[in-house]
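Visitor: The structure is given below, and queries will be raised subsequently.
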Amino acid sequence: MIAIKSFGITGVNGYIVDVEVDIAKGLPGYTLVGLPDNAVKEGKERVKSAILNCDYKFPIGNVIINLAPASAKKEGAIYDLPIAVGILANTRVITKSLKDWAFLGELSLNGELRRVNGVLPALLTAVEHKIKNVIIPTDNYNEAAFVSGINVYTARNLADVVDYFAGDMIDATPLCQVQTANFETLLADAVYPCDMKYVRGQFVAKRALEIAAAGGHNIILIGPPGSGKTMLAKCFQTILPPMTFNESMETTKIHSCAGLLDAEHGIVLTRPFRCPHHTASTVSLAGGGKFARPGEISLAHNGVLFLDEMPEYNRGCLELLRQPLENHSIMISRAAMTVEYPASFVLVASMNPCPCGYYGSRIKRCKCTQSKIQHYLGKISGPLLDRIDLHIEVDQVTYNDLTNDKLAEDSATIRKRVTAARAIQNQRFAETLIHNNATMDAAMVKKYCKLSSEGENILKSAFENLNLSARAYTRILKVARTIADLAGSPEILPEHLTEAISYRSLDRFNRGVNE
Ligand SMILES: Nc1ncnc2c1ncn2[C@@H]1O[C@H](COP(=O)(O)OP(=O)(O)OP(=O)(O)O)[C@@H](O)[C@H]1O
Ligand SMILES: [Mg+2]
Ligand SMILES: [Zn+2]
């Protein structure tokens, strides 16, 4: 019996799988056990063809393959290569010791090694278990370039691997060793798909987005059709602080498991921007399902989840967001186990103010009845609204703004200010588990958002005059803290507070409509 090391994935974390291959005497047979899914089972036939097509002999006895531990469900095609290596080691085609090696990769019928999902979590598991060498498919090369502490080699096909371990190819190794890449250099070249400088006017909305980015606050943009809500939201990703190496690895792991990494970079360099359609199912949003994939909210990890036209999403989808917005992860129950996916994102939502879209607009008159507007706003439940710190009204840009040739501030400039404000927060929360103002709990709000007596008075009269709801209270304090951080002010000054109060339009709106 020969045991070859490989990997399995639950959620976005790996574990070691031993691929045991035994060839017993007796009637010819070929069996695969150890909770394999269909892709793994089909691998059995791929392996046989690949071995035969590479001109090696397939053993005649009873071939039994066991994937251990047998308790965990194995998924995907990554066991093709270790199974083939195990069989060829049994038949003495491979003679060198395989003790310090692990393998993963899908085989084509003629023995080519194909790119697989989940390579990054697998390699991190190898590092953890002190496995010295791992062989992966050539097309997964870039994904391995940021893992240090092990030797990773890529192979193009089964013959490359066999030649290496057959023993007589000492000088001309058919394998290619992965060179580690420098994260900082790559990061400097990161490209964004859009830029704030092309958004004309909309100064209030841009300022609010800057605050949201600086403090990690969820934000909703409310405005008539064509006012640029979608455009603004898309640019939000470009003003967030650059990803740290650890954040990038976390996000890359998730994208790796979902098979979404582009082969060219192999790493996620810019914060993700995910915009699931409003017809999206709860499974595609939350993750799980038959093939245990991370959902949109996890693909948005360390980045932005954009819900365009939020009231159009089905209620189940919106309610599902409550848990990850609170815990920054989501638990998915599957038949055999529960997996947890990270899901820490800033929520950016957009909506029209009413069904026709023009309530409160200076361009067109709204034709909706009060009850229709009420019904429309009611689609977003209180508890969800409760987690959105900034409500911004966006109106159409004026002709003058639109035709003004002067380009606005670019994203890089705004990003610098945001990054500086984040640095203040990193220091503030260094001893805690949180990183930004938005995630402060009640005790922290009390500690870090102290007001002067003048500030207290402003807040008090705002509550009385503007009909603010109770839930607005801590939201306003947190946002005011971020505004003060952007200004480099240790204290929350009255002007920071009044600005924060101005970003609660839905509270006033809801009240206005209800009464
Ligand atoms: N401030 C702006 N600067 C430059 N172009 C703008 C601006 N606002 C809107 N536009 C242009 O108008 C188009 C429509 O904007 P966008 O789709 O973002 O509006 P919207 O508010 O999302 O509308 P809807 O409610 O219909 O989805 C944009 O693609 C852009 O070309
Ligand atoms: Mg839109
Ligand atoms: Zn209307």
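Convention: chains lettered A, B, ... in structure tokens order; per-chain residue numbering from 1; ligands numbered from 1 as shown.
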List all protein, DNA and RNA residues that have at least one atom no more than 10 Å from any atom of ligand 3, counting only C-alpha atoms and all ligand atoms, and write them as a list in words.

Guide: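 Here is the list of contacting residues: Pro224, Asn352, Pro353, Cys354, Pro355, Cys356, Gly357, Tyr358, Tyr359, Gly360, Ser361, Lys364, Arg365, Cys366, Lys367, Cys368, Thr369, Gln370, Lys372, Ile373 and Tyr376 of chain A.
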
Visitor: Neighbours of ligand 2 at 7 Å or closer, counting only C-alpha atoms and all ligand atoms: which residues, as a PDB file with all heavy atoms, in the first residue's frame?

Guide:
ATOM      1  N   PRO A 225     -33.961  58.094 -11.174  1.00  0.00           N
ATOM      2  CA  PRO A 225     -33.244  57.352 -12.211  1.00  0.00           C
ATOM      3  C   PRO A 225     -32.253  58.266 -12.940  1.00  0.00           C
ATOM      4  O   PRO A 225     -32.543  59.438 -13.165  1.00  0.00           O
ATOM      5  CB  PRO A 225     -34.339  56.905 -13.174  1.00  0.00           C
ATOM      6  CG  PRO A 225     -35.604  56.971 -12.391  1.00  0.00           C
ATOM      7  CD  PRO A 225     -35.427  58.027 -11.359  1.00  0.00           C
ATOM      8  N   GLY A 226     -31.105  57.731 -13.247  1.00  0.00           N
ATOM      9  CA  GLY A 226     -30.125  58.481 -14.041  1.00  0.00           C
ATOM     10  C   GLY A 226     -29.335  59.506 -13.257  1.00  0.00           C
ATOM     11  O   GLY A 226     -28.587  60.289 -13.830  1.00  0.00           O
ATOM     12  N   GLY A 228     -26.916  58.926 -11.338  1.00  0.00           N
ATOM     13  CA  GLY A 228     -25.517  58.518 -11.197  1.00  0.00           C
ATOM     14  C   GLY A 228     -25.240  57.670  -9.975  1.00  0.00           C
ATOM     15  O   GLY A 228     -24.087  57.519  -9.574  1.00  0.00           O
ATOM     16  N   LYS A 229     -26.284  57.067  -9.387  1.00  0.00           N
ATOM     17  CA  LYS A 229     -26.094  56.241  -8.189  1.00  0.00           C
ATOM     18  C   LYS A 229     -25.188  55.052  -8.486  1.00  0.00           C
ATOM     19  O   LYS A 229     -24.247  54.760  -7.742  1.00  0.00           O
ATOM     20  CB  LYS A 229     -27.441  55.717  -7.664  1.00  0.00           C
ATOM     21  CG  LYS A 229     -28.443  56.795  -7.324  1.00  0.00           C
ATOM     22  CD  LYS A 229     -29.721  56.207  -6.764  1.00  0.00           C
ATOM     23  CE  LYS A 229     -30.532  55.373  -7.740  1.00  0.00           C
ATOM     24  NZ  LYS A 229     -31.122  56.165  -8.846  1.00  0.00           N
ATOM     25  N   THR A 230     -25.479  54.376  -9.595  1.00  0.00           N
ATOM     26  CA  THR A 230     -24.691  53.198  -9.939  1.00  0.00           C
ATOM     27  C   THR A 230     -23.242  53.588 -10.217  1.00  0.00           C
ATOM     28  O   THR A 230     -22.306  52.931  -9.766  1.00  0.00           O
ATOM     29  CB  THR A 230     -25.310  52.488 -11.160  1.00  0.00           C
ATOM     30  OG1 THR A 230     -26.678  52.222 -10.868  1.00  0.00           O
ATOM     31  CG2 THR A 230     -24.609  51.196 -11.471  1.00  0.00           C
ATOM     32  N   ASP A 308     -27.826  47.187  -5.984  1.00  0.00           N
ATOM     33  CA  ASP A 308     -28.416  48.239  -6.800  1.00  0.00           C
ATOM     34  C   ASP A 308     -29.930  48.056  -6.755  1.00  0.00           C
ATOM     35  O   ASP A 308     -30.405  46.948  -6.960  1.00  0.00           O
ATOM     36  CB  ASP A 308     -27.890  48.103  -8.241  1.00  0.00           C
ATOM     37  CG  ASP A 308     -27.917  49.423  -8.970  1.00  0.00           C
ATOM     38  OD1 ASP A 308     -28.337  50.433  -8.368  1.00  0.00           O
ATOM     39  OD2 ASP A 308     -27.506  49.456 -10.143  1.00  0.00           O
ATOM     40  N   GLU A 309     -30.663  49.131  -6.509  1.00  0.00           N
ATOM     41  CA  GLU A 309     -32.126  49.068  -6.375  1.00  0.00           C
ATOM     42  C   GLU A 309     -32.518  48.086  -5.267  1.00  0.00           C
ATOM     43  O   GLU A 309     -33.219  47.110  -5.496  1.00  0.00           O
ATOM     44  CB  GLU A 309     -32.790  48.629  -7.697  1.00  0.00           C
ATOM     45  CG  GLU A 309     -32.203  49.211  -8.964  1.00  0.00           C
ATOM     46  CD  GLU A 309     -32.485  50.699  -9.125  1.00  0.00           C
ATOM     47  OE1 GLU A 309     -33.298  51.238  -8.354  1.00  0.00           O
ATOM     48  OE2 GLU A 309     -31.869  51.327 -10.001  1.00  0.00           O
TER      49      GLU A 309
END

Visitor: Tell me, in Å to one decimal, how far atom CA of A:Tyr341 is from atom CA of A:Glu250.

Guide: 10.6 Å

Visitor: Would you list the contacts of A:Glu319 as a list in words, taking every protein, DNA or RNA residue within 10 Å and counting only C-alpha atoms, but skipping same-chain residues closer than 2 positions in sequence?

Guide: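 My list of contacting residues is Thr282, Asn314, Arg315, Gly316, Cys317, Leu321, Arg322, Gln323, Ile380, Ser381, Pro383 and Leu384 of chain A.
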
Visitor: Can you list, as a list in words, every residue of stretch 25-134 of chain A that DSSP puts in strand (DSSP E or B)?

Guide: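 Strand (DSSP E or B) members of stretch 25-134 of chain A, listed: Gly29, Tyr30, Thr31, Leu32, Val33, Pro36, Asn62, Val63, Ile64, Ile65, Asn66, Leu67, Ala68, Lys74, Trp101, Ala102, Phe103, Glu106, Leu107, Glu112, Leu113, Arg114, Asn133 and Val134 of chain A.
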
Visitor: Can I get the selection written as a compact mmCIF listing (two decimals), in the first residue's frame, with N, CA, C and O atoms?

Guide:
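Output contents, as saved in selection.txt:
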# COMPACT_ATOMS: atom_id res chain seq x y z
N GLY A 29 -10.14 -5.17 -10.61
CA GLY A 29 -11.17 -4.26 -10.13
C GLY A 29 -10.56 -2.88 -9.97
O GLY A 29 -9.32 -2.73 -10.03
N TYR A 30 -11.39 -1.86 -9.78
CA TYR A 30 -10.89 -0.49 -9.68
C TYR A 30 -11.93 0.26 -8.84
O TYR A 30 -12.98 0.62 -9.33
N THR A 31 -11.64 0.45 -7.56
CA THR A 31 -12.62 1.04 -6.65
C THR A 31 -12.05 2.27 -5.97
O THR A 31 -10.87 2.32 -5.64
N LEU A 32 -12.95 3.24 -5.74
CA LEU A 32 -12.55 4.48 -5.06
C LEU A 32 -13.48 4.66 -3.87
O LEU A 32 -14.70 4.72 -4.02
N VAL A 33 -12.93 4.75 -2.66
CA VAL A 33 -13.76 4.96 -1.47
C VAL A 33 -13.26 6.15 -0.66
O VAL A 33 -12.16 6.65 -0.89
N PRO A 36 -16.14 10.30 -1.78
CA PRO A 36 -15.85 11.16 -2.94
C PRO A 36 -17.14 11.71 -3.55
O PRO A 36 -18.17 11.06 -3.48
N ASN A 62 -6.53 -5.86 -8.43
CA ASN A 62 -7.69 -5.15 -7.89
C ASN A 62 -7.20 -3.83 -7.26
O ASN A 62 -6.64 -3.82 -6.18
N VAL A 63 -7.42 -2.72 -7.96
CA VAL A 63 -6.90 -1.43 -7.51
C VAL A 63 -7.91 -0.78 -6.56
O VAL A 63 -9.06 -0.56 -6.94
N ILE A 64 -7.47 -0.51 -5.34
CA ILE A 64 -8.38 0.13 -4.38
C ILE A 64 -7.78 1.46 -3.94
O ILE A 64 -6.61 1.52 -3.54
N ILE A 65 -8.57 2.50 -4.06
CA ILE A 65 -8.10 3.82 -3.64
C ILE A 65 -8.96 4.30 -2.49
O ILE A 65 -10.20 4.29 -2.58
N ASN A 66 -8.32 4.76 -1.42
CA ASN A 66 -9.06 5.28 -0.27
C ASN A 66 -8.61 6.70 0.01
O ASN A 66 -7.42 6.98 0.11
N LEU A 67 -9.58 7.60 0.13
CA LEU A 67 -9.25 8.99 0.48
C LEU A 67 -9.51 9.18 1.98
O LEU A 67 -10.65 9.15 2.42
N ALA A 68 -8.42 9.34 2.74
CA ALA A 68 -8.58 9.44 4.20
C ALA A 68 -8.29 10.87 4.65
O ALA A 68 -7.44 11.53 4.06
N LYS A 74 -15.05 14.66 -0.06
CA LYS A 74 -14.02 15.18 -0.97
C LYS A 74 -14.69 15.70 -2.23
O LYS A 74 -15.57 15.03 -2.78
N TRP A 101 6.53 14.92 -0.19
CA TRP A 101 5.83 15.55 -1.31
C TRP A 101 4.32 15.46 -1.17
O TRP A 101 3.80 14.53 -0.57
N ALA A 102 3.64 16.46 -1.73
CA ALA A 102 2.18 16.41 -1.85
C ALA A 102 1.83 16.79 -3.28
O ALA A 102 2.60 17.48 -3.95
N PHE A 103 0.66 16.33 -3.74
CA PHE A 103 0.28 16.52 -5.15
C PHE A 103 -1.16 16.99 -5.26
O PHE A 103 -2.00 16.58 -4.46
N GLU A 106 -5.88 18.22 -11.76
CA GLU A 106 -6.79 17.42 -12.58
C GLU A 106 -6.04 16.92 -13.80
O GLU A 106 -5.19 17.63 -14.34
N LEU A 107 -6.33 15.71 -14.24
CA LEU A 107 -5.68 15.19 -15.45
C LEU A 107 -6.66 15.16 -16.61
O LEU A 107 -7.84 14.85 -16.43
N GLU A 112 -2.46 15.65 -19.65
CA GLU A 112 -2.14 17.06 -19.35
C GLU A 112 -2.66 17.38 -17.95
O GLU A 112 -3.72 16.92 -17.55
N LEU A 113 -1.91 18.26 -17.23
CA LEU A 113 -2.39 18.68 -15.92
C LEU A 113 -3.21 19.94 -16.07
O LEU A 113 -2.77 20.91 -16.68
N ARG A 114 -4.40 19.93 -15.49
CA ARG A 114 -5.30 21.08 -15.65
C ARG A 114 -5.42 21.86 -14.35
O ARG A 114 -5.40 21.31 -13.27
N ASN A 133 7.53 19.84 -0.12
CA ASN A 133 7.38 20.09 -1.56
C ASN A 133 5.97 19.77 -2.04
O ASN A 133 5.39 18.76 -1.63
N VAL A 134 5.45 20.62 -2.93
CA VAL A 134 4.13 20.35 -3.49
C VAL A 134 4.19 20.52 -5.00
O VAL A 134 4.84 21.44 -5.51

Visitor: Got a sec to tell me which of stretch 116-241 of chain A DSSP assigns to helix (DSSP H, G or I), as a ChimeraX atom specification?

Guide: /A:119-128,138-144,158-166,183-188,196-198,203-215,229-239

Visitor: Identify, on the basis of only C-alpha atoms, every residue whose closest approach to A:Asn437 does not exceed 10 Å; exclude the query and any residue fewer than 5 positions from it along the same chain; express the result as a list in words.

Guide: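 Returned residues: Ala212, Ala214, Gly215, Gly216, His217, Arg422, Gln425, Asn426, Arg428, Phe429, Met444, Val445, Tyr448, Cys449, Leu477, Lys478, Val479, Ala480, Arg481, Thr482 and Asp485 of chain A.
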
Visitor: Which residue, A:Ile239, A:Val394, A:Ala258, A:Ile83, has the smallest gap to ligand 1 when you use only C-alpha atoms and all ligand atoms?

Guide: A:Val394

Visitor: Tell me which of A:Ala292, A:Leu285, A:Val199, A:Ile414 sits closest to ligand 1, counting only C-alpha atoms and all ligand atoms.

Guide: A:Val199

Visitor: Within 7 Å of A:Thr251, counting only C-alpha atoms, which residues qualify if same-chain residues fewer than 6 places away don't, as a list in words?

Guide: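 Answer for this query is Val268, His301 and Asn302 of chain A.
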
Visitor: What is the atom CA of A:Ile23 to atom CA of A:Ile51 distance in Å?

Guide: 15.5 Å

Visitor: Smallest atom-to-atom distance to A:Ser411: which of A:Gly43, A:Gly34, A:Gly223, A:Pro241, using only C-alpha atoms?

Guide: A:Pro241

Visitor: Set the distance at 12 Å and use only C-alpha atoms: which residues neighbour A:Val346 once local chain neighbours fewer than 6 positions away are removed? I'd like the list as a VMD selection string.

Guide: chain A and resid 209 211 to 220 233 236 to 237 240 271 to 274 297 to 298 300 to 307 321 324 to 326 328 387 to 390 436 438 to 439

Visitor: Write out as a list in words each polymer residue whose atoms come within 8 Å of A:Ser505, counting only C-alpha atoms; drop sequence neighbours fewer than 6 positions from it.

Guide: His391, Ile392 and Glu393 of chain A

Visitor: Could you check which of A:Ala39, A:Met337, A:Met243, A:Ala408 is closest to ligand 1, using only C-alpha atoms and all ligand atoms?

Guide: A:Ala408
